[in-house]
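**Student:** The file below is target-v2.tsv, TSV, C-alpha atoms and all ligand atoms:
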chain	number	residue	atom	x	y	z
Q	19	MET	CA	16.80	19.80	-31.00
Q	20	THR	CA	14.33	18.05	-28.68
Q	21	THR	CA	14.39	18.77	-24.93
Q	22	PRO	CA	14.74	15.56	-22.87
Q	23	LEU	CA	12.09	14.81	-20.21
Q	24	THR	CA	14.67	15.68	-17.56
Q	25	PRO	CA	18.28	16.91	-17.78
Q	26	LEU	CA	19.34	13.52	-16.40
Q	27	LEU	CA	18.34	11.95	-19.71
Q	28	ALA	CA	20.60	14.34	-21.66
Q	29	ASP	CA	24.02	13.32	-23.07
Q	30	THR	CA	25.82	15.07	-20.21
Q	31	SER	CA	23.99	13.07	-17.49
Q	32	PRO	CA	26.17	11.09	-15.04
Q	33	LEU	CA	23.54	8.30	-14.97
Q	34	ASP	CA	24.04	4.87	-16.58
Q	35	ASP	CA	21.50	3.26	-18.94
Q	36	HIS	CA	19.66	1.41	-16.18
Q	37	ALA	CA	19.18	4.60	-14.13
Q	38	ARG	CA	18.07	6.53	-17.21
Q	39	ALA	CA	15.44	3.90	-18.05
Q	40	LEU	CA	14.20	4.00	-14.46
Q	41	ILE	CA	13.80	7.79	-14.59
Q	42	ALA	CA	11.99	7.71	-17.93
Q	43	GLY	CA	9.50	5.13	-16.56
Q	44	LEU	CA	8.87	7.08	-13.32
Q	45	PHE	CA	8.32	10.30	-15.24
Q	46	GLU	CA	5.46	8.71	-17.22
Q	47	LYS	CA	3.83	7.27	-14.06
Q	48	GLU	CA	4.10	10.61	-12.25
Q	49	ALA	CA	2.15	12.36	-15.00
Q	50	GLN	CA	-0.68	9.79	-14.63
Q	51	LEU	CA	-0.69	10.26	-10.84
Q	52	MET	CA	-0.96	14.05	-11.12
Q	53	ALA	CA	-3.93	13.67	-13.48
Q	54	SER	CA	-5.77	11.57	-10.88
Q	55	LEU	CA	-5.52	14.06	-7.97
Q	56	PRO	CA	-8.75	15.59	-6.54
Q	57	THR	CA	-9.98	18.88	-8.03
Q	58	ASP	CA	-10.60	22.26	-6.38
Q	59	ASP	CA	-14.36	21.86	-6.78
Q	60	PRO	CA	-15.64	22.67	-3.24
Q	61	ARG	CA	-17.89	19.57	-3.43
Q	62	ASP	CA	-15.44	17.09	-5.05
Q	63	PRO	CA	-16.26	13.69	-3.40
Q	64	LYS	CA	-12.72	12.46	-4.07
Q	65	ARG	CA	-11.32	15.31	-2.01
Q	66	LEU	CA	-13.90	14.81	0.75
Q	67	ARG	CA	-12.89	11.14	1.05
Q	68	ARG	CA	-9.23	12.04	1.24
Q	69	VAL	CA	-9.81	14.73	3.88
Q	70	MET	CA	-11.82	12.29	6.00
Q	71	LEU	CA	-9.06	9.67	5.74
Q	72	THR	CA	-6.59	12.36	6.78
Q	73	ARG	CA	-8.33	12.72	10.14
Q	74	THR	CA	-8.01	9.00	10.93
Q	75	GLU	CA	-4.34	8.95	9.98
Q	76	MET	CA	-3.66	12.21	11.83
Q	77	PHE	CA	-4.99	10.80	15.10
Q	78	ALA	CA	-2.97	7.60	14.61
Q	79	GLN	CA	0.36	9.48	14.35
Q	80	PRO	CA	1.53	8.44	17.85
Q	81	GLU	CA	0.96	4.75	16.99
Q	82	ALA	CA	2.71	5.12	13.62
Q	83	ILE	CA	5.75	6.63	15.36
Q	84	THR	CA	5.88	3.90	18.00
Q	85	ASN	CA	5.36	1.21	15.37
Q	86	THR	CA	8.07	2.58	13.11
Q	87	LEU	CA	10.62	2.92	15.90
Q	88	THR	CA	9.84	-0.54	17.27
Q	89	ARG	CA	9.73	-2.45	14.00
Q	90	GLU	CA	12.77	-0.70	12.52
Q	91	ALA	CA	14.84	-0.73	15.72
Q	92	GLY	CA	17.30	-3.33	14.38
Q	93	ALA	CA	17.65	-1.63	10.98
Q	94	ILE	CA	18.10	1.81	12.61
Q	95	GLU	CA	20.81	0.39	14.89
Q	96	ALA	CA	22.68	-1.16	11.94
Q	97	VAL	CA	22.68	2.14	9.99
Q	98	ALA	CA	23.62	4.11	13.14
Q	99	ARG	CA	26.63	1.83	13.76
Q	100	ASP	CA	27.73	2.17	10.16
Q	101	LEU	CA	27.45	5.98	10.24
Q	102	ALA	CA	29.03	6.33	13.70
Q	103	GLY	CA	32.15	4.60	12.42
Q	104	ARG	CA	32.56	6.78	9.33
Q	105	ALA	CA	33.91	10.25	8.66
Q	106	ILE	CA	30.81	12.05	7.37
Q	107	ARG	CA	31.71	15.58	6.33
Q	108	ARG	CA	28.38	16.78	5.01
Q	109	VAL	CA	24.78	15.60	4.98
Q	110	VAL	CA	22.26	16.56	2.31
Q	111	LEU	CA	18.59	16.07	3.24
Q	112	THR	CA	16.28	15.93	0.29
Q	113	GLY	CA	12.71	15.23	-0.88
Q	114	CYS	CA	9.65	17.08	-2.20
Q	115	GLY	CA	6.60	18.57	-0.47
Q	116	ASP	CA	5.99	17.13	2.99
Q	117	SER	CA	9.08	14.98	2.59
Q	118	LEU	CA	11.25	18.09	2.32
Q	119	ALA	CA	9.47	19.64	5.33
Q	120	VAL	CA	10.47	16.51	7.29
Q	121	MET	CA	14.08	17.32	6.53
Q	122	ILE	CA	13.72	20.96	7.62
Q	123	GLY	CA	12.02	19.79	10.82
Q	124	THR	CA	14.82	17.40	11.78
Q	125	ARG	CA	17.81	19.48	10.66
Q	126	LEU	CA	18.60	21.01	14.05
Q	127	LEU	CA	18.56	17.68	15.88
Q	128	LEU	CA	20.64	16.03	13.14
Q	129	GLU	CA	23.23	18.79	13.33
Q	130	GLU	CA	23.32	18.57	17.14
Q	131	MET	CA	23.86	14.80	17.02
Q	132	LEU	CA	26.04	14.39	13.90
Q	133	GLY	CA	28.14	17.53	14.42
Q	134	VAL	CA	28.24	18.46	10.72
Q	135	VAL	CA	26.24	20.69	8.40
Q	136	CYS	CA	22.99	18.97	7.42
Q	137	GLU	CA	21.47	20.78	4.51
Q	138	PRO	CA	17.80	20.39	3.50
Q	139	MET	CA	17.45	20.86	-0.24
Q	140	GLN	CA	14.69	20.50	-2.81
Q	141	ALA	CA	15.27	17.24	-4.69
Q	142	LEU	CA	15.22	19.13	-8.00
Q	143	ASP	CA	17.88	21.58	-6.82
Q	144	PHE	CA	20.12	18.76	-5.65
Q	145	ALA	CA	19.58	16.53	-8.70
Q	146	TYR	CA	20.04	19.29	-11.29
Q	147	TYR	CA	22.21	21.99	-9.68
Q	148	HIS	CA	23.90	21.66	-6.30
Q	149	ASN	CA	25.66	18.31	-6.40
Q	150	ARG	CA	29.30	19.32	-6.67
Q	151	ASP	CA	32.06	17.77	-4.61
Q	152	LEU	CA	30.21	14.63	-3.54
Q	153	GLY	CA	32.04	11.53	-2.42
Q	154	PRO	CA	32.00	8.81	0.25
Q	155	GLU	CA	32.15	11.43	3.02
Q	156	THR	CA	28.83	12.92	1.92
Q	157	LEU	CA	25.61	11.29	3.06
Q	158	VAL	CA	22.54	12.04	0.97
Q	159	VAL	CA	19.30	11.27	2.83
Q	160	THR	CA	16.16	10.99	0.71
Q	161	LEU	CA	12.55	10.60	1.77
Q	162	SER	CA	9.66	9.68	-0.45
Q	163	SER	CA	6.58	8.11	1.05
Q	164	SER	CA	5.67	6.54	-2.31
Q	165	GLY	CA	9.32	5.81	-3.10
Q	166	THR	CA	8.68	6.84	-6.70
Q	167	THR	CA	8.61	10.67	-6.78
Q	168	THR	CA	10.77	11.26	-9.82
Q	169	ARG	CA	12.85	14.21	-8.58
Q	170	THR	CA	13.64	12.41	-5.31
Q	171	VAL	CA	14.68	9.22	-7.09
Q	172	GLU	CA	16.76	11.37	-9.45
Q	173	ALA	CA	18.49	12.91	-6.41
Q	174	ALA	CA	19.38	9.44	-5.08
Q	175	LEU	CA	20.60	8.24	-8.47
Q	176	VAL	CA	22.79	11.33	-8.96
Q	177	ALA	CA	24.21	10.93	-5.46
Q	178	ASN	CA	25.03	7.26	-6.17
Q	179	ALA	CA	26.56	8.05	-9.54
Q	180	LEU	CA	28.78	10.76	-8.02
Q	181	GLY	CA	30.04	8.48	-5.24
Q	182	ALA	CA	28.08	9.68	-2.17
Q	183	ARG	CA	26.49	7.31	0.35
Q	184	THR	CA	22.71	7.29	0.22
Q	185	LEU	CA	20.07	6.59	2.84
Q	186	ALA	CA	16.46	6.23	1.69
Q	187	LEU	CA	13.34	6.47	3.86
Q	188	SER	CA	10.02	5.35	2.44
Q	189	ASN	CA	6.68	3.75	3.30
Q	190	THR	CA	7.02	1.54	0.25
Q	191	PRO	CA	9.29	-1.50	0.48
Q	192	GLY	CA	10.86	-2.50	-2.82
Q	193	SER	CA	10.22	0.96	-4.34
Q	194	ALA	CA	12.69	2.53	-6.76
Q	195	LEU	CA	14.09	4.75	-4.00
Q	196	MET	CA	14.57	1.90	-1.52
Q	197	THR	CA	16.24	-0.40	-4.04
Q	198	HIS	CA	18.65	2.25	-5.34
Q	199	SER	CA	20.24	3.48	-2.10
Q	200	THR	CA	23.11	2.33	0.11
Q	201	HIS	CA	20.74	2.00	3.11
Q	202	GLY	CA	16.93	1.86	3.32
Q	203	LEU	CA	14.67	2.38	6.35
Q	204	LEU	CA	10.98	1.59	6.17
Q	205	VAL	CA	8.41	4.05	7.56
Q	206	HIS	CA	5.45	2.10	8.96
Q	207	ALA	CA	2.70	4.59	8.21
Q	208	GLU	CA	-0.30	5.06	5.93
Q	209	ARG	CA	-0.87	7.82	3.40
Q	210	LYS	CA	-4.34	7.22	2.00
Q	211	GLY	CA	-5.33	10.66	3.26
Q	212	TRP	CA	-3.03	13.66	2.80
Q	213	PRO	CA	0.37	13.08	4.44
Q	214	THR	CA	0.42	13.27	8.23
Q	215	GLN	CA	1.76	10.11	9.88
Q	216	SER	CA	4.01	9.29	6.92
Q	217	SER	CA	5.80	12.58	7.69
Q	218	THR	CA	5.92	12.51	11.49
Q	219	ALA	CA	6.92	8.80	11.61
Q	220	ALA	CA	9.71	9.56	9.12
Q	221	MET	CA	10.84	12.49	11.31
Q	222	ALA	CA	10.87	10.19	14.33
Q	223	MET	CA	12.98	7.62	12.51
Q	224	LEU	CA	15.53	10.21	11.37
Q	225	CYS	CA	15.71	11.62	14.90
Q	226	ARG	CA	16.14	8.15	16.44
Q	227	LEU	CA	18.90	7.36	13.96
Q	228	ALA	CA	20.79	10.58	14.66
Q	229	ILE	CA	20.36	10.19	18.43
Q	230	ARG	CA	21.73	6.63	18.22
Q	231	VAL	CA	24.77	7.95	16.33
Q	232	GLY	CA	25.12	10.60	19.05
Q	233	MET	CA	24.89	7.95	21.79
Q	234	LEU	CA	27.50	5.75	20.09
Q	235	ARG	CA	29.84	8.73	19.78
Q	236	GLY	CA	29.16	9.98	23.32
Q	237	VAL	CA	27.55	13.29	22.33
Q	238	PRO	CA	26.49	14.88	25.66
Q	239	GLY	CA	22.91	15.87	24.74
Q	240	ALA	CA	21.97	12.48	23.26
Q	241	PRO	CA	20.42	10.75	26.33
Q	242	ALA	CA	18.12	13.71	27.07
Q	243	LEU	CA	16.95	13.83	23.46
Q	244	GLN	CA	16.36	10.08	23.48
Q	245	ALA	CA	14.15	10.46	26.57
Q	246	ALA	CA	12.27	13.39	24.98
Q	247	LEU	CA	11.69	11.38	21.78
Q	248	ASP	CA	10.39	8.45	23.84
Q	249	ARG	CA	7.85	10.77	25.51
Q	250	LEU	CA	6.62	12.26	22.22
Q	251	PRO	CA	3.92	9.73	21.17
Q	252	ARG	CA	2.10	10.18	24.50
Q	253	GLN	CA	2.52	13.95	24.34
Q	254	MET	CA	1.22	14.05	20.77
Q	255	ALA	CA	-1.82	11.91	21.61
Q	256	ASP	CA	-2.69	14.23	24.50
Q	257	ALA	CA	-2.21	17.34	22.36
Q	258	LEU	CA	-4.38	15.99	19.52
Q	259	ALA	CA	-7.21	15.20	21.94
Q	260	ALA	CA	-6.99	18.55	23.73
Q	261	LEU	CA	-6.63	20.70	20.61
Q	262	ASP	CA	-9.30	19.06	18.47
Q	263	PRO	CA	-12.25	21.16	19.77
Q	264	VAL	CA	-10.09	24.30	19.98
Q	265	MET	CA	-9.01	24.10	16.33
Q	266	ALA	CA	-12.55	23.16	15.24
Q	267	GLU	CA	-13.77	26.41	16.79
Q	268	LEU	CA	-11.03	28.47	15.10
Q	269	ALA	CA	-11.82	26.75	11.80
Q	270	ARG	CA	-15.46	27.81	12.07
Q	271	ILE	CA	-14.31	31.43	12.56
Q	272	GLU	CA	-11.91	31.31	9.60
Q	273	ALA	CA	-13.65	28.95	7.15
Q	274	ASP	CA	-14.72	31.72	4.75
Q	275	ARG	CA	-11.19	33.00	4.14
Q	276	GLY	CA	-9.34	32.25	0.89
Q	277	MET	CA	-5.76	32.69	2.16
Q	278	TYR	CA	-4.03	31.26	5.24
Q	279	LEU	CA	-0.53	32.23	6.41
Q	280	TYR	CA	1.96	30.38	8.60
Q	281	ALA	CA	5.27	31.79	9.88
Q	282	GLY	CA	8.04	30.09	11.84
Q	283	GLY	CA	11.83	29.95	12.16
Q	284	GLY	CA	14.23	27.01	12.62
Q	285	PRO	CA	12.41	23.69	13.13
Q	286	ALA	CA	9.09	25.55	13.43
Q	287	TYR	CA	9.39	26.56	9.77
Q	288	ALA	CA	8.76	22.87	8.99
Q	289	SER	CA	5.49	23.11	10.93
Q	290	ALA	CA	4.61	26.24	8.92
Q	291	LEU	CA	5.20	24.25	5.72
Q	292	PHE	CA	3.18	21.27	6.96
Q	293	GLY	CA	0.37	23.61	8.05
Q	294	ALA	CA	0.22	25.45	4.72
Q	295	VAL	CA	0.44	22.32	2.63
Q	296	LYS	CA	-2.34	20.57	4.63
Q	297	MET	CA	-4.60	23.56	4.01
Q	298	LYS	CA	-3.76	23.54	0.29
Q	299	GLU	CA	-4.36	19.80	0.05
Q	300	CYS	CA	-7.52	19.63	2.15
Q	301	SER	CA	-9.26	22.81	0.94
Q	302	PRO	CA	-9.58	24.55	-2.41
Q	303	ASP	CA	-7.92	27.69	-0.98
Q	304	HIS	CA	-4.53	29.35	-0.87
Q	305	ALA	CA	-2.08	28.89	1.98
Q	306	MET	CA	1.50	30.04	2.37
Q	307	ALA	CA	4.36	29.23	4.73
Q	308	ILE	CA	6.69	32.18	5.32
Q	309	PRO	CA	10.09	31.95	7.02
Q	310	LEU	CA	9.83	34.11	10.15
Q	311	GLU	CA	12.29	36.73	8.98
Q	312	GLU	CA	10.91	36.93	5.43
Q	313	PHE	CA	7.52	37.96	6.79
Q	314	HIS	CA	9.08	41.35	7.54
Q	315	HIS	CA	10.55	41.96	4.11
Q	316	TYR	CA	7.44	42.50	2.09
Q	317	ASN	CA	3.83	43.12	2.90
Q	318	SER	CA	3.01	39.49	3.50
Q	319	LEU	CA	-0.46	39.86	4.93
Q	320	LYS	CA	-3.69	41.55	3.81
Q	321	PRO	CA	-6.51	42.68	6.16
Q	322	ASP	CA	-8.40	39.76	7.75
Q	323	ASP	CA	-5.91	37.09	6.64
Q	324	PRO	CA	-5.43	34.52	9.41
Q	325	LEU	CA	-1.76	34.24	10.41
Q	326	PHE	CA	-0.37	31.46	12.59
Q	327	VAL	CA	2.87	32.54	14.28
Q	328	LEU	CA	4.82	29.54	15.55
Q	329	ALA	CA	7.10	30.27	18.49
Q	330	PRO	CA	8.52	27.25	20.32
Q	331	ASP	CA	10.72	28.29	23.26
Q	332	GLY	CA	14.12	29.10	21.73
Q	333	PRO	CA	16.01	31.84	19.92
Q	334	SER	CA	13.21	32.93	17.57
Q	335	VAL	CA	10.58	33.85	20.19
Q	336	ALA	CA	11.53	37.55	20.07
Q	337	ARG	CA	11.20	37.72	16.28
Q	338	ALA	CA	7.95	35.77	16.48
Q	339	ARG	CA	6.64	38.45	18.87
Q	340	ASP	CA	7.58	41.12	16.27
Q	341	THR	CA	5.77	39.06	13.63
Q	342	ALA	CA	2.60	38.85	15.71
Q	343	PHE	CA	2.81	42.62	16.33
Q	344	GLU	CA	3.19	43.33	12.58
Q	345	GLY	CA	0.41	40.87	11.77
Q	346	GLN	CA	-2.02	42.78	13.96
Q	347	ARG	CA	-0.74	46.15	12.70
Q	348	TRP	CA	-1.58	45.06	9.15
Q	349	ARG	CA	-5.02	44.04	10.46
Q	350	GLY	CA	-4.67	40.28	10.12
Q	351	ARG	CA	-6.02	37.84	12.68
Q	352	VAL	CA	-3.06	36.47	14.58
Q	353	TYR	CA	-2.94	33.06	16.24
Q	354	GLY	CA	0.17	32.42	18.29
Q	355	VAL	CA	1.37	28.87	18.95
Q	356	VAL	CA	3.79	28.77	21.89
Q	357	THR	CA	5.39	26.51	24.48
Q	358	GLY	CA	3.51	26.31	27.80
Q	359	GLU	CA	3.01	29.62	29.58
Q	360	GLN	CA	5.26	31.63	27.26
Q	361	ALA	CA	3.62	35.08	27.32
Q	362	ALA	CA	5.76	37.09	24.88
Q	363	LEU	CA	3.21	36.95	22.05
Q	364	ASP	CA	0.07	37.36	24.18
Q	365	PRO	CA	-0.48	41.12	23.70
Q	366	PHE	CA	-0.38	40.79	19.89
Q	367	CYS	CA	-2.49	37.67	19.31
Q	368	ASP	CA	-6.22	37.15	18.88
Q	369	ARG	CA	-5.70	33.75	20.45
Q	370	VAL	CA	-2.71	31.82	21.82
Q	371	ILE	CA	-2.46	28.03	21.53
Q	372	ARG	CA	-0.24	26.48	24.19
Q	373	LEU	CA	1.68	23.22	23.74
Q	374	GLY	CA	3.59	21.01	26.19
Q	375	ALA	CA	7.35	21.61	26.43
Q	376	VAL	CA	9.73	19.72	24.12
Q	377	PRO	CA	13.35	20.50	23.21
Q	378	GLU	CA	13.25	22.96	20.29
Q	379	SER	CA	14.90	20.41	18.01
Q	380	LEU	CA	11.74	18.25	18.40
Q	381	ALA	CA	9.29	21.15	18.11
Q	382	ALA	CA	8.20	20.26	14.56
Q	383	PHE	CA	6.35	17.22	15.94
Q	384	THR	CA	4.08	19.13	18.30
Q	385	PHE	CA	3.78	22.51	16.55
Q	386	THR	CA	2.46	20.76	13.44
Q	387	LEU	CA	-0.51	19.20	15.27
Q	388	PRO	CA	-2.77	22.26	15.74
Q	389	LEU	CA	-2.19	23.19	12.10
Q	390	GLN	CA	-3.10	19.73	10.80
Q	391	LEU	CA	-6.28	19.87	12.89
Q	392	PHE	CA	-7.06	23.39	11.67
Q	393	ALA	CA	-6.69	22.36	8.01
Q	394	TYR	CA	-8.93	19.34	8.53
Q	395	HIS	CA	-11.66	21.28	10.33
Q	396	ALA	CA	-11.53	24.27	7.97
Q	397	ALA	CA	-11.83	21.93	4.96
Q	398	MET	CA	-14.79	20.09	6.51
Q	399	GLU	CA	-16.47	23.38	7.34
Q	400	LYS	CA	-15.98	24.51	3.73
Q	401	PHE	CA	-17.60	21.27	2.48
Q	402	ILE	CA	-20.58	21.88	4.78
Q	403	ARG	CA	-20.93	25.52	3.70
Q	404	ALA	CA	-20.82	24.39	0.05
Q	405	GLY	CA	-23.85	22.18	0.79
Q	406	THR	CA	-22.06	18.81	0.75
Q	407	THR	CA	-23.62	15.94	2.68
Q	408	ILE	CA	-20.99	14.46	4.97
Q	409	PRO	CA	-21.16	10.65	5.28
Q	410	ALA	CA	-20.45	9.01	8.66
Q	411	GLN	CA	-17.43	7.21	7.15
Q	412	PRO	CA	-15.24	8.07	4.12
Q	413	GLU	CA	-16.89	6.63	0.98
V	501	LIG	O1	6.75	11.55	-0.22
V	501	LIG	P1	6.50	11.46	-1.69
V	501	LIG	O2	5.75	10.20	-2.06
V	501	LIG	O3	7.75	11.62	-2.49
V	501	LIG	O4	5.54	12.63	-2.07
V	501	LIG	C1	6.01	13.96	-1.98
V	501	LIG	C2	4.88	14.94	-1.92
V	501	LIG	O5	4.09	14.86	-3.07
V	501	LIG	C3	2.72	14.81	-2.75
V	501	LIG	O6	2.32	13.49	-2.94
V	501	LIG	C4	1.88	15.75	-3.58
V	501	LIG	O7	2.59	16.41	-4.53
V	501	LIG	C5	2.63	15.17	-1.31
V	501	LIG	O8	1.53	14.57	-0.77
V	501	LIG	C6	3.94	14.73	-0.76
V	501	LIG	O9	4.28	15.50	0.31
Let's see the structure in the file written out as structure tokens.

**Tutor:**
Amino acid sequence: MTTPLTPLLADTSPLDDHARALIAGLFEKEAQLMASLPTDDPRDPKRLRRVMLTRTEMFAQPEAITNTLTREAGAIEAVARDLAGRAIRRVVLTGCGDSLAVMIGTRLLLEEMLGVVCEPMQALDFAYYHNRDLGPETLVVTLSSSGTTTRTVEAALVANALGARTLALSNTPGSALMTHSTHGLLVHAERKGWPTQSSTAAMAMLCRLAIRVGMLRGVPGAPALQAALDRLPRQMADALAALDPVMAELARIEADRGMYLYAGGGPAYASALFGAVKMKECSPDHAMAIPLEEFHHYNSLKPDDPLFVLAPDGPSVARARDTAFEGQRWRGRVYGVVTGEQAALDPFCDRVIRLGAVPESLAAFTFTLPLQLFAYHAAMEKFIRAGTTIPAQPE
């Protein structure tokens, strides 16, 4: 017996012939894409180019958010009106990599505004395992910047076949994901570097959509969240400018390490994931995001490992303080990231990075910024230490 490329091509699959052919084609293309990714060679010019492009795109995140919200305003409103008038019982939020982190980062705000459980789930887990009891009262939200990541398209196709409503977000108009979903919203962002603005602009669009549903339904917290979201691009631009030299200095201190750790709870766990994945993409080294509580359930850190503890003002500050304490006790170097003058972590951190206040449900936008900058600067420092000549512009 031969094993099919994916279980959705097996006899038991709920997909029709068209959907099966689509999946088979995407699977082949994905394999080619994986083969063309940069290597872990510390001097790989392909990786250097991508890291340099990442910086440009990272600094243009505020513009990408504003652009996306402005250009998609009509489309967002149409989807919001449709959703506000429906009984939605459950929302599944799915994607892979950064696109899944987007879902984790927006979950709290979506739950506050939609008033139902919104469940982030790996696209593979949804497509192959946890898709019982779907129907028109389930909304499955997918995000794929490329619009062609096979597992994410599979998730959308399964959701369609089992009768759920689907909402796709993508940077790529006309992509498989966008053309096979009930609704599609276009993210106006670039991803020639490693994902930064494609993720934060997608988060902004999901937040705007949920806030609009909240406004239409008269949810009390909606106007304040709308105002906070409107302020974000300015706040992010200021934070990027202020933190750039700070994170460059930390990167010089930590550039010789081979493992980087990031811990956060709630929406800040998304920032931990973004931070770890940027380090893995930009540098040849290991990086790991750890849910705040899990940090305490095995020896997560070895002496001298840098640990970023993310503690936006909210219910997980106390556990973040414990995490910083344990991090220092195990002889790691602990960098706290907190809201404003929050002092709870100060005694247990080698350094504390302070960010402007945002509602916790928007914290993933700002808490991600120092970590993106750190990954960029650490990667560049590693290139320099490996003897690479850095061109003025990406080549
Ligand atoms: O958003 P997409 O295009 O589905 O990509 C998902 C993830 O896969 C990657 O391309 C790498 O595996 C990441 O850059 C990205 O976060």

**Student:** Counting all atoms listed in the file, which residues of chain Q sit at most 8 Å from some atom of ligand LIG 501 (chain V), and what is each one's closest atom pair with its distance in Å to one decimal, listed by chain and rising residue number, as a tab-separated table?

**Tutor:**
residue	atom	partner	partner_atom	distance
Q:Met52	CA	V:LIG501	O7	7.8
Q:Gly113	CA	V:LIG501	O3	6.3
Q:Cys114	CA	V:LIG501	C1	4.8
Q:Gly115	CA	V:LIG501	O9	3.9
Q:Asp116	CA	V:LIG501	O9	3.6
Q:Ser117	CA	V:LIG501	O1	5.0
Q:Leu118	CA	V:LIG501	O9	7.7
Q:Leu161	CA	V:LIG501	O1	6.2
Q:Ser162	CA	V:LIG501	O3	3.4
Q:Ser163	CA	V:LIG501	O1	3.7
Q:Ser164	CA	V:LIG501	O2	3.7
Q:Gly165	CA	V:LIG501	O2	5.8
Q:Thr166	CA	V:LIG501	O2	6.4
Q:Thr167	CA	V:LIG501	O3	4.5
Q:Thr168	CA	V:LIG501	O3	7.9
Q:Thr170	CA	V:LIG501	O3	6.6
Q:Ser188	CA	V:LIG501	O1	7.5
Q:Trp212	CA	V:LIG501	O8	5.9
Q:Pro213	CA	V:LIG501	O8	5.5
Q:Ser216	CA	V:LIG501	O1	8.0
Q:Glu299	CA	V:LIG501	O8	7.9

**Student:** Please write the residues from the selection above to a file, keeping C-alpha atoms, as a compact mmCIF listing (two decimals), keeping the file's coordinate frame.

**Tutor:**
# COMPACT_ATOMS: atom_id res chain seq x y z
CA MET Q 52 -0.96 14.05 -11.12
CA GLY Q 113 12.71 15.23 -0.88
CA CYS Q 114 9.65 17.08 -2.20
CA GLY Q 115 6.60 18.57 -0.47
CA ASP Q 116 5.99 17.13 2.99
CA SER Q 117 9.08 14.98 2.59
CA LEU Q 118 11.25 18.09 2.32
CA LEU Q 161 12.55 10.60 1.77
CA SER Q 162 9.66 9.68 -0.45
CA SER Q 163 6.58 8.11 1.05
CA SER Q 164 5.67 6.54 -2.31
CA GLY Q 165 9.32 5.81 -3.10
CA THR Q 166 8.68 6.84 -6.70
CA THR Q 167 8.61 10.67 -6.78
CA THR Q 168 10.77 11.26 -9.82
CA THR Q 170 13.64 12.41 -5.31
CA SER Q 188 10.02 5.35 2.44
CA TRP Q 212 -3.03 13.66 2.80
CA PRO Q 213 0.37 13.08 4.44
CA SER Q 216 4.01 9.29 6.92
CA GLU Q 299 -4.36 19.80 0.05

**Student:** Considering only C-alpha atoms, state which residue in the set Q:Met254, Q:Leu185, Q:Leu126, Q:Val97 is at the smallest distance from Pro80 in chain Q.

**Tutor:**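 With only C-alpha atoms as the atom set, the closest residue is Q:Met254.
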
**Student:** Would you kindly return, as a PDB file with C-alpha atoms, keeping the file's coordinate frame, each protein, DNA or RNA residue with an atom no farther than 10 Å from any atom of Leu373 in chain Q, considering all atoms listed in the file and excluding same-chain residues fewer than 4 positions away?

**Tutor:**
ATOM      1  CA  GLN Q 253       2.520  13.950  24.340  1.00  0.00           C
ATOM      2  CA  MET Q 254       1.220  14.050  20.770  1.00  0.00           C
ATOM      3  CA  ALA Q 257      -2.210  17.340  22.360  1.00  0.00           C
ATOM      4  CA  ALA Q 260      -6.990  18.550  23.730  1.00  0.00           C
ATOM      5  CA  LEU Q 261      -6.630  20.700  20.610  1.00  0.00           C
ATOM      6  CA  PRO Q 330       8.520  27.250  20.320  1.00  0.00           C
ATOM      7  CA  VAL Q 355       1.370  28.870  18.950  1.00  0.00           C
ATOM      8  CA  VAL Q 356       3.790  28.770  21.890  1.00  0.00           C
ATOM      9  CA  THR Q 357       5.390  26.510  24.480  1.00  0.00           C
ATOM     10  CA  GLY Q 358       3.510  26.310  27.800  1.00  0.00           C
ATOM     11  CA  GLU Q 359       3.010  29.620  29.580  1.00  0.00           C
ATOM     12  CA  GLN Q 360       5.260  31.630  27.260  1.00  0.00           C
ATOM     13  CA  ALA Q 381       9.290  21.150  18.110  1.00  0.00           C
ATOM     14  CA  THR Q 384       4.080  19.130  18.300  1.00  0.00           C
ATOM     15  CA  PHE Q 385       3.780  22.510  16.550  1.00  0.00           C
ATOM     16  CA  LEU Q 387      -0.510  19.200  15.270  1.00  0.00           C
ATOM     17  CA  PRO Q 388      -2.770  22.260  15.740  1.00  0.00           C
TER      18      PRO Q 388
END

**Student:** For CA of Glu344 in chain Q and CA of Lys400 in chain Q, quote the distance in Å rounded to one decimal.

**Tutor:** 28.3 Å

**Student:** Go through Q:Arg230, Q:Arg125, Q:Lys47, Q:Arg108 one by one, measure the shortest atom-to-atom distance of each to Gln244 in chain Q using only C-alpha atoms, and give the residue with the smallest value.

**Tutor:**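 Closest to Gln244 in chain Q, using only C-alpha atoms: Q:Arg230.
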
**Student:** Pick out the residues sitting within 12 Å of Leu391 in chain Q, and hand them over as an MDAnalysis selection string; count all atoms listed in the file, and ignore anything fewer than 3 positions along from it in its own chain.

**Tutor:** chainID Q and resid 69:70 72:77 214 257:269 292:294 296:297 300 384:388 394:398

**Student:** May I ask which of the residues Q:Thr124, Q:Ser301, Q:Asn178, Q:Gln50 is the closest one to Asn149 in chain Q, counting only C-alpha atoms?

**Tutor:** Q:Asn178

**Student:** I'd like the neighbourhood of Arg38 in chain Q as number ranges by chain, where a residue qualifies if any of its atoms comes within 9 Å (using all atoms listed in the file), though same-chain residues fewer than 5 positions away should be ignored.

**Tutor:** Q: 26-27, 31, 33, 43

**Student:** Those same residues - C-alpha atoms - I'd like them written as an mmCIF file, in the frame of the given file.

**Tutor:**
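Written out: selection_23.cif:
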data_model
loop_
_atom_site.group_PDB
_atom_site.id
_atom_site.type_symbol
_atom_site.label_atom_id
_atom_site.label_comp_id
_atom_site.auth_asym_id
_atom_site.auth_seq_id
_atom_site.Cartn_x
_atom_site.Cartn_y
_atom_site.Cartn_z
ATOM 1 C CA LEU Q 26 19.340 13.520 -16.400
ATOM 2 C CA LEU Q 27 18.340 11.950 -19.710
ATOM 3 C CA SER Q 31 23.990 13.070 -17.490
ATOM 4 C CA LEU Q 33 23.540 8.300 -14.970
ATOM 5 C CA GLY Q 43 9.500 5.130 -16.560
#
